[in-house]
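Structure, as structure tokens:
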Protein chains: 2
Amino acid sequence: MADEVILLDYWPSAFGMRTRIALEEKNIKFEHREQDLFNKSQILLEMNPVHKKIPVLIHNGKPVCESLIQVEYIDETWPGGNSLLPSDPYQRAQAKFWGDFIDKKVSGPTWVLWGGKGEEQEAGKKEFIEVLKTLETELGDKAYFGGETFGYVDIALIGFYCWFDAYEKFANFSIEAECPKVIAWAKRCLKRESVAKSLPDPDKITKYVPELKKRLGME
Amino acid sequence: MADEVILLDYWPSAFGMRTRIALEEKNIKFEHREQDLFNKSQILLEMNPVHKKIPVLIHNGKPVCESLIQVEYIDETWPGGNSLLPSDPYQRAQAKFWGDFIDKKVSGPTWVLWGGKGEEQEAGKKEFIEVLKTLETELGDKAYFGGETFGYVDIALIGFYCWFDAYEKFANFSIEAECPKVIAWAKRCLKRESVAKSLPDPDKITKYVPELKKRLGME
């Protein structure tokens, strides 16, 4: 029997993009079920009763929650195709360290870039650039975070790239001027079919931000 | 050549306890180097330059940071001894989900139990009990979170247990009255040598709290 793979997702989610990319890297066919986060569906509440968040990966009826856990699950469940995590325990631990760093540090200060104002937004810009510079140092002169091969840490970060246009326009700054290596890395990632297929057009996100702010009661 | 394993740690840290327990479960000899977090050592700053936090596991000179990543690294590096994570990818993903839940939800509201006051402390108590009840539901009638065998999720949570006495005394409530199954589970875990050896006496923590508050400028 063929695997049934369903992804409960929300198109602008940088977390959902991780899981989409991982599935594409493994050539796994999946059904994308777009969710309305302002009116949560019965299936989302049933499949992720603890956090009630997307993305949820449903594999043969069983849910896996949290995007980086999903990426690892996909890598372990479908070991054929491209390996997403290194096999060496030390290299795996380093990849997980940077995935965790991105979870803790990148996503936090970003809402303030498109949704904040004044001093709070200025502080957010400074924090965001510092975090990207830390990642740039880790990237160094490598093609991808893991070296020559696209993998877990790249997947953890790349989804945020299609929000950069919105960050820059709403917070009035240039990310490329501050972190050119991160931009060069992102462009390299976008040449992969898995990434190009999974990331929405940055312009679509920028145009969506005013609607999102309205729905969140931020305007 | 024998492995050189050093743990940069801080005795009351529920995160450090995770790594101590995992090393004990694998019968790995290690050097415990107590750190002064109010006057960080050169080795801590060098080995964890990003977060500058304990615990840091240094294996043959190379650092691994973040306690749950360390537990997994230990399990993969020394596959002999007790397995800490299940081998089945779905079960592994579930264990990681709960480890992540404990990281995100348990440790956050606890400082307010021993260090907060008034309404803030009341809200913290309510939140803490809710989180423990969610864990109690997940535990169900199993001996350990993974079933019959002590493992990753138990290791993620058990260190907080030796703080329960301080939470109860400073916030004036009974955790056992609200969550008897969690307490029974904790007592079961404490019968394991790895846990008994790695957790400090709760009374020592309760007595340390006033000093900690002073050092943190909370009094």
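Each chain in the structure tokens gets a letter, A, B and so on, in the order shown; residues start at 1 in every chain, and ligands are counted from 1 in the order they appear.
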Taking only C-alpha atoms into account, which residues of chain A are within 9 Å of chain B, as a PyMOL selection string?
chain A and resi 50+62+64-66+69-70+72-74+76-77+88-90+92-94+96-97+100-101+134
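By only C-alpha atoms, and with residues fewer than 3 positions from A:Gly124 along its chain excluded, the set lying at most 12 Å from it is Lys105, Val106, Ser107, Gly108, Pro109, Thr110, Trp111, Val112, Leu113, Trp114, Gly115, Gly116, Lys117, Gly118, Glu119, Glu120, Gln121, Glu127, Phe128, Ile129, Glu130, Val131, Tyr167, Ala171 and Phe173 of chain A.
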Could you give me chain B least-squares fitted onto chain A (all C-alpha atoms, paired in order), as a CSV table (one decimal) with C-alpha atoms, in the first residue's frame?
chain,number,residue,atom,x,y,z
B,1,MET,CA,0.0,0.0,0.0
B,2,ALA,CA,1.4,3.4,-0.9
B,3,ASP,CA,2.0,5.9,1.9
B,4,GLU,CA,-0.6,8.5,2.5
B,5,VAL,CA,1.1,11.7,3.4
B,6,ILE,CA,-0.9,14.9,4.3
B,7,LEU,CA,0.6,18.2,5.3
B,8,LEU,CA,-1.5,20.6,7.3
B,9,ASP,CA,0.1,23.9,6.3
B,10,TYR,CA,-0.3,27.7,5.9
B,11,TRP,CA,1.3,29.0,2.7
B,12,PRO,CA,3.4,31.9,4.3
B,13,SER,CA,4.8,29.8,7.1
B,14,ALA,CA,8.6,29.5,7.1
B,15,PHE,CA,8.1,26.4,9.3
B,16,GLY,CA,5.7,24.7,6.9
B,17,MET,CA,8.2,25.4,4.1
B,18,ARG,CA,10.8,23.3,5.9
B,19,THR,CA,8.6,20.2,5.8
B,20,ARG,CA,7.6,20.9,2.2
B,21,ILE,CA,11.2,21.1,1.1
B,22,ALA,CA,12.1,17.9,3.1
B,23,LEU,CA,9.3,16.0,1.4
B,24,GLU,CA,10.4,17.3,-2.0
B,25,GLU,CA,14.0,16.3,-1.4
B,26,LYS,CA,12.8,12.7,-0.8
B,27,ASN,CA,10.4,12.8,-3.8
B,28,ILE,CA,7.4,12.0,-1.5
B,29,LYS,CA,4.0,12.9,-3.0
B,30,PHE,CA,1.9,14.6,-0.4
B,31,GLU,CA,-1.5,16.3,-0.1
B,32,HIS,CA,-1.1,19.9,1.0
B,33,ARG,CA,-4.1,21.0,3.1
B,34,GLU,CA,-4.1,24.7,3.6
B,35,GLN,CA,-5.3,25.8,7.0
B,36,ASP,CA,-7.1,28.9,8.2
B,37,LEU,CA,-5.3,29.7,11.4
B,38,PHE,CA,-8.0,32.2,12.4
B,39,ASN,CA,-10.6,29.5,12.3
B,40,LYS,CA,-8.9,26.2,13.1
B,41,SER,CA,-10.1,23.0,11.5
B,42,GLN,CA,-11.2,19.9,13.4
B,43,ILE,CA,-8.4,18.0,11.8
B,44,LEU,CA,-5.8,20.4,13.0
B,45,LEU,CA,-7.2,20.4,16.6
B,46,GLU,CA,-7.3,16.6,16.6
B,47,MET,CA,-3.9,16.1,15.1
B,48,ASN,CA,-2.0,18.7,17.2
B,49,PRO,CA,-4.1,19.0,20.3
B,50,VAL,CA,-1.2,20.3,22.4
B,51,HIS,CA,0.0,23.2,20.3
B,52,LYS,CA,-2.8,23.5,17.8
B,53,LYS,CA,-0.2,24.8,15.2
B,54,ILE,CA,0.8,24.0,11.7
B,55,PRO,CA,2.7,22.3,10.1
B,56,VAL,CA,1.4,18.9,11.0
B,57,LEU,CA,2.7,16.0,8.9
B,58,ILE,CA,0.2,13.1,8.9
B,59,HIS,CA,1.7,9.9,7.7
B,60,ASN,CA,-0.7,7.0,7.3
B,61,GLY,CA,-3.1,8.7,9.7
B,62,LYS,CA,-0.5,9.4,12.4
B,63,PRO,CA,0.6,12.9,13.2
B,64,VAL,CA,4.1,14.3,13.6
B,65,CYS,CA,4.3,17.8,15.0
B,66,GLU,CA,7.0,20.5,15.0
B,67,SER,CA,8.8,21.2,11.8
B,68,LEU,CA,12.3,20.3,12.6
B,69,ILE,CA,11.1,17.0,14.2
B,70,GLN,CA,9.2,16.4,10.9
B,71,VAL,CA,12.4,17.0,8.8
B,72,GLU,CA,14.2,14.5,10.9
B,73,TYR,CA,11.3,12.0,10.8
B,74,ILE,CA,11.2,12.3,7.0
B,75,ASP,CA,15.0,11.7,6.8
B,76,GLU,CA,14.7,8.6,8.9
B,77,THR,CA,11.5,7.2,7.4
B,78,TRP,CA,12.7,7.6,3.8
B,79,PRO,CA,16.4,7.1,3.9
B,80,GLY,CA,16.6,6.9,0.1
B,81,GLY,CA,16.9,10.2,-1.7
B,82,ASN,CA,19.2,13.0,-0.4
B,83,SER,CA,20.3,12.6,3.2
B,84,LEU,CA,19.2,15.7,5.1
B,85,LEU,CA,21.2,15.1,8.3
B,86,PRO,CA,24.8,13.9,8.4
B,87,SER,CA,25.3,10.3,9.7
B,88,ASP,CA,28.2,11.2,12.0
B,89,PRO,CA,26.9,11.8,15.6
B,90,TYR,CA,29.0,14.9,16.1
B,91,GLN,CA,28.0,16.5,12.8
B,92,ARG,CA,24.4,15.6,13.5
B,93,ALA,CA,24.7,17.3,16.9
B,94,GLN,CA,26.1,20.4,15.3
B,95,ALA,CA,23.3,20.5,12.7
B,96,LYS,CA,20.7,20.2,15.4
B,97,PHE,CA,22.4,23.0,17.4
B,98,TRP,CA,22.1,25.4,14.5
B,99,GLY,CA,18.5,24.3,13.8
B,100,ASP,CA,17.7,25.0,17.4
B,101,PHE,CA,19.5,28.3,17.2
B,102,ILE,CA,17.3,29.3,14.2
B,103,ASP,CA,14.2,28.3,16.1
B,104,LYS,CA,15.1,30.2,19.1
B,105,LYS,CA,16.7,33.3,17.6
B,106,VAL,CA,15.6,33.9,14.0
B,107,SER,CA,11.8,33.7,14.2
B,108,GLY,CA,11.4,35.6,17.4
B,109,PRO,CA,12.5,39.1,16.3
B,110,THR,CA,11.0,38.9,12.8
B,111,TRP,CA,7.4,39.9,13.5
B,112,VAL,CA,8.6,43.2,14.8
B,113,LEU,CA,10.2,43.9,11.4
B,114,TRP,CA,6.9,43.8,9.5
B,115,GLY,CA,4.5,44.5,12.3
B,116,GLY,CA,6.4,46.8,14.8
B,117,LYS,CA,7.1,50.5,14.9
B,118,GLY,CA,9.7,53.0,16.2
B,119,GLU,CA,12.2,52.0,18.9
B,120,GLU,CA,10.9,48.4,19.1
B,121,GLN,CA,11.4,48.0,15.4
B,122,GLU,CA,14.9,49.5,15.5
B,123,ALA,CA,15.8,47.1,18.3
B,124,GLY,CA,14.4,44.2,16.3
B,125,LYS,CA,16.4,45.1,13.2
B,126,LYS,CA,19.6,45.3,15.3
B,127,GLU,CA,18.8,41.9,16.9
B,128,PHE,CA,17.9,40.3,13.5
B,129,ILE,CA,21.1,41.5,11.9
B,130,GLU,CA,23.2,40.2,14.8
B,131,VAL,CA,21.6,36.8,14.5
B,132,LEU,CA,22.2,36.7,10.7
B,133,LYS,CA,25.8,37.7,11.3
B,134,THR,CA,26.2,34.8,13.7
B,135,LEU,CA,24.8,32.5,11.0
B,136,GLU,CA,27.1,34.1,8.4
B,137,THR,CA,30.1,33.3,10.6
B,138,GLU,CA,29.0,29.7,10.9
B,139,LEU,CA,28.4,29.5,7.1
B,140,GLY,CA,31.9,30.9,6.4
B,141,ASP,CA,33.0,30.0,2.9
B,142,LYS,CA,31.0,26.8,2.7
B,143,ALA,CA,28.3,26.5,0.0
B,144,TYR,CA,25.8,25.2,2.5
B,145,PHE,CA,25.7,25.1,6.3
B,146,GLY,CA,26.7,21.4,6.2
B,147,GLY,CA,29.5,21.9,3.7
B,148,GLU,CA,29.1,20.9,0.0
B,149,THR,CA,25.6,19.4,0.5
B,150,PHE,CA,22.3,21.1,1.0
B,151,GLY,CA,20.7,19.8,4.2
B,152,TYR,CA,19.0,20.2,7.6
B,153,VAL,CA,20.3,23.7,8.6
B,154,ASP,CA,19.7,25.1,5.2
B,155,ILE,CA,16.1,23.7,5.3
B,156,ALA,CA,15.6,25.2,8.8
B,157,LEU,CA,16.6,28.7,7.6
B,158,ILE,CA,15.7,29.1,4.0
B,159,GLY,CA,11.9,29.7,4.5
B,160,PHE,CA,12.6,33.0,6.2
B,161,TYR,CA,14.3,34.3,3.1
B,162,CYS,CA,11.0,34.8,1.2
B,163,TRP,CA,10.0,37.1,4.0
B,164,PHE,CA,13.2,39.3,3.7
B,165,ASP,CA,11.5,41.5,1.1
B,166,ALA,CA,8.7,42.3,3.6
B,167,TYR,CA,11.2,42.8,6.4
B,168,GLU,CA,13.1,45.3,4.3
B,169,LYS,CA,10.1,47.2,3.0
B,170,PHE,CA,8.3,47.5,6.3
B,171,ALA,CA,11.4,48.1,8.4
B,172,ASN,CA,13.2,50.1,5.8
B,173,PHE,CA,16.7,48.5,5.8
B,174,SER,CA,18.8,46.3,3.5
B,175,ILE,CA,19.7,42.8,4.6
B,176,GLU,CA,22.0,42.3,1.7
B,177,ALA,CA,24.1,45.4,2.7
B,178,GLU,CA,24.6,43.8,6.1
B,179,CYS,CA,24.8,40.1,5.3
B,180,PRO,CA,25.8,39.6,1.7
B,181,LYS,CA,26.9,36.0,2.3
B,182,VAL,CA,23.5,34.9,3.7
B,183,ILE,CA,21.9,36.4,0.5
B,184,ALA,CA,24.3,34.6,-1.8
B,185,TRP,CA,23.6,31.3,0.2
B,186,ALA,CA,19.8,31.9,-0.2
B,187,LYS,CA,20.1,32.4,-3.9
B,188,ARG,CA,22.2,29.2,-4.2
B,189,CYS,CA,19.5,27.3,-2.2
B,190,LEU,CA,16.7,28.7,-4.5
B,191,LYS,CA,18.4,27.0,-7.5
B,192,ARG,CA,17.3,23.7,-6.0
B,193,GLU,CA,14.0,22.4,-7.3
B,194,SER,CA,12.8,21.4,-3.8
B,195,VAL,CA,13.3,24.9,-2.5
B,196,ALA,CA,12.0,26.8,-5.6
B,197,LYS,CA,8.8,24.6,-5.5
B,198,SER,CA,8.2,25.1,-1.8
B,199,LEU,CA,8.8,28.9,-1.3
B,200,PRO,CA,6.1,31.4,-2.3
B,201,ASP,CA,7.0,34.5,-4.2
B,202,PRO,CA,8.4,37.2,-1.8
B,203,ASP,CA,6.2,39.7,-3.4
B,204,LYS,CA,3.1,37.7,-2.5
B,205,ILE,CA,4.2,37.7,1.1
B,206,THR,CA,4.8,41.5,1.1
B,207,LYS,CA,1.4,42.1,-0.4
B,208,TYR,CA,-0.2,39.8,2.2
B,209,VAL,CA,1.3,41.6,5.3
B,210,PRO,CA,-1.3,44.4,5.5
B,211,GLU,CA,-4.1,41.8,5.5
B,212,LEU,CA,-2.2,39.7,8.1
B,213,LYS,CA,-1.8,42.8,10.3
B,214,LYS,CA,-5.5,43.5,10.0
B,215,ARG,CA,-6.4,39.9,10.9
B,216,LEU,CA,-4.1,40.0,13.9
B,217,GLY,CA,-5.6,43.3,15.1
B,218,MET,CA,-2.3,45.1,14.7
B,219,GLU,CA,-3.6,48.0,12.7
Based on DSSP run over this structure's backbone, return all residues of stretch 3-213 of chain B in helix (DSSP H, G or I), as JSON, numbers by chain.
{"B": [14, 15, 16, 17, 18, 19, 20, 21, 22, 23, 24, 25, 42, 43, 44, 45, 46, 47, 67, 68, 69, 70, 71, 72, 73, 74, 75, 76, 77, 89, 90, 91, 92, 93, 94, 95, 96, 97, 98, 99, 100, 101, 102, 103, 104, 105, 106, 108, 109, 110, 111, 112, 113, 114, 115, 118, 119, 120, 121, 122, 123, 124, 125, 126, 127, 128, 129, 130, 131, 132, 133, 134, 135, 136, 137, 138, 139, 152, 153, 154, 155, 156, 157, 158, 159, 160, 161, 164, 165, 166, 167, 168, 169, 170, 171, 175, 176, 177, 178, 180, 181, 182, 183, 184, 185, 186, 187, 188, 189, 190, 193, 194, 195, 196, 197, 198, 202, 203, 204, 205, 206, 207, 208, 209, 210, 211, 212, 213]}
Per DSSP on the backbone, what are the strand (DSSP E) residues of stretch 10-61 of chain A, as a ChimeraX atom specification?
/A:31-34,56-59
Output file for the selection above: all heavy atoms, as a PDB file, in the first residue's frame:
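To be explicit, this is the file written out as part06.pdb:
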ATOM      1  N   GLU A  31      -0.306  15.419   0.045  1.00  0.00           N
ATOM      2  CA  GLU A  31      -1.460  16.292  -0.135  1.00  0.00           C
ATOM      3  C   GLU A  31      -1.289  17.492   0.787  1.00  0.00           C
ATOM      4  O   GLU A  31      -1.162  17.325   1.999  1.00  0.00           O
ATOM      5  CB  GLU A  31      -2.731  15.508   0.225  1.00  0.00           C
ATOM      6  CG  GLU A  31      -4.004  16.322   0.065  1.00  0.00           C
ATOM      7  CD  GLU A  31      -5.212  15.653   0.724  1.00  0.00           C
ATOM      8  OE1 GLU A  31      -5.172  14.416   0.915  1.00  0.00           O
ATOM      9  OE2 GLU A  31      -6.158  16.366   1.060  1.00  0.00           O
ATOM     10  N   HIS A  32      -1.288  18.678   0.199  1.00  0.00           N
ATOM     11  CA  HIS A  32      -1.137  19.922   0.966  1.00  0.00           C
ATOM     12  C   HIS A  32      -2.535  20.404   1.341  1.00  0.00           C
ATOM     13  O   HIS A  32      -3.336  20.690   0.483  1.00  0.00           O
ATOM     14  CB  HIS A  32      -0.426  20.939   0.057  1.00  0.00           C
ATOM     15  CG  HIS A  32      -0.101  22.223   0.737  1.00  0.00           C
ATOM     16  ND1 HIS A  32       1.189  22.608   0.991  1.00  0.00           N
ATOM     17  CD2 HIS A  32      -0.881  23.219   1.223  1.00  0.00           C
ATOM     18  CE1 HIS A  32       1.186  23.777   1.594  1.00  0.00           C
ATOM     19  NE2 HIS A  32      -0.056  24.169   1.743  1.00  0.00           N
ATOM     20  N   ARG A  33      -2.816  20.463   2.652  1.00  0.00           N
ATOM     21  CA  ARG A  33      -4.131  20.987   3.064  1.00  0.00           C
ATOM     22  C   ARG A  33      -3.952  22.325   3.758  1.00  0.00           C
ATOM     23  O   ARG A  33      -3.543  22.388   4.912  1.00  0.00           O
ATOM     24  CB  ARG A  33      -4.822  20.013   4.022  1.00  0.00           C
ATOM     25  CG  ARG A  33      -5.354  18.803   3.305  1.00  0.00           C
ATOM     26  CD  ARG A  33      -6.482  18.162   4.091  1.00  0.00           C
ATOM     27  NE  ARG A  33      -6.661  16.792   3.647  1.00  0.00           N
ATOM     28  CZ  ARG A  33      -7.241  15.841   4.358  1.00  0.00           C
ATOM     29  NH1 ARG A  33      -7.711  16.109   5.562  1.00  0.00           N
ATOM     30  NH2 ARG A  33      -7.367  14.628   3.876  1.00  0.00           N
ATOM     31  N   GLU A  34      -4.263  23.375   3.036  1.00  0.00           N
ATOM     32  CA  GLU A  34      -4.114  24.728   3.561  1.00  0.00           C
ATOM     33  C   GLU A  34      -5.061  24.940   4.751  1.00  0.00           C
ATOM     34  O   GLU A  34      -6.234  24.569   4.693  1.00  0.00           O
ATOM     35  CB  GLU A  34      -4.410  25.727   2.424  1.00  0.00           C
ATOM     36  CG  GLU A  34      -4.134  27.168   2.736  1.00  0.00           C
ATOM     37  CD  GLU A  34      -2.654  27.494   2.953  1.00  0.00           C
ATOM     38  OE1 GLU A  34      -1.769  26.653   2.646  1.00  0.00           O
ATOM     39  OE2 GLU A  34      -2.386  28.595   3.450  1.00  0.00           O
ATOM     40  N   VAL A  56       1.533  20.250  10.440  1.00  0.00           N
ATOM     41  CA  VAL A  56       1.386  18.894  10.961  1.00  0.00           C
ATOM     42  C   VAL A  56       1.561  17.940   9.782  1.00  0.00           C
ATOM     43  O   VAL A  56       0.898  18.108   8.757  1.00  0.00           O
ATOM     44  CB  VAL A  56       0.013  18.663  11.618  1.00  0.00           C
ATOM     45  CG1 VAL A  56      -0.084  17.232  12.158  1.00  0.00           C
ATOM     46  CG2 VAL A  56      -0.253  19.653  12.741  1.00  0.00           C
ATOM     47  N   LEU A  57       2.445  17.005   9.942  1.00  0.00           N
ATOM     48  CA  LEU A  57       2.661  15.975   8.928  1.00  0.00           C
ATOM     49  C   LEU A  57       1.863  14.751   9.360  1.00  0.00           C
ATOM     50  O   LEU A  57       2.051  14.261  10.477  1.00  0.00           O
ATOM     51  CB  LEU A  57       4.153  15.642   8.885  1.00  0.00           C
ATOM     52  CG  LEU A  57       4.593  14.536   7.922  1.00  0.00           C
ATOM     53  CD1 LEU A  57       4.508  15.026   6.479  1.00  0.00           C
ATOM     54  CD2 LEU A  57       6.033  14.108   8.231  1.00  0.00           C
ATOM     55  N   ILE A  58       0.963  14.296   8.497  1.00  0.00           N
ATOM     56  CA  ILE A  58       0.159  13.118   8.855  1.00  0.00           C
ATOM     57  C   ILE A  58       0.568  11.981   7.925  1.00  0.00           C
ATOM     58  O   ILE A  58       0.332  12.038   6.726  1.00  0.00           O
ATOM     59  CB  ILE A  58      -1.350  13.416   8.741  1.00  0.00           C
ATOM     60  CG1 ILE A  58      -1.694  14.716   9.501  1.00  0.00           C
ATOM     61  CG2 ILE A  58      -2.171  12.245   9.298  1.00  0.00           C
ATOM     62  CD1 ILE A  58      -3.137  15.176   9.314  1.00  0.00           C
ATOM     63  N   HIS A  59       1.225  11.005   8.496  1.00  0.00           N
ATOM     64  CA  HIS A  59       1.746   9.882   7.709  1.00  0.00           C
ATOM     65  C   HIS A  59       0.923   8.640   8.036  1.00  0.00           C
ATOM     66  O   HIS A  59       0.973   8.160   9.176  1.00  0.00           O
ATOM     67  CB  HIS A  59       3.236   9.686   8.039  1.00  0.00           C
ATOM     68  CG  HIS A  59       3.875   8.588   7.247  1.00  0.00           C
ATOM     69  ND1 HIS A  59       5.008   7.937   7.643  1.00  0.00           N
ATOM     70  CD2 HIS A  59       3.518   8.026   6.066  1.00  0.00           C
ATOM     71  CE1 HIS A  59       5.320   7.019   6.752  1.00  0.00           C
ATOM     72  NE2 HIS A  59       4.438   7.059   5.786  1.00  0.00           N
TER      73      HIS A  59
END
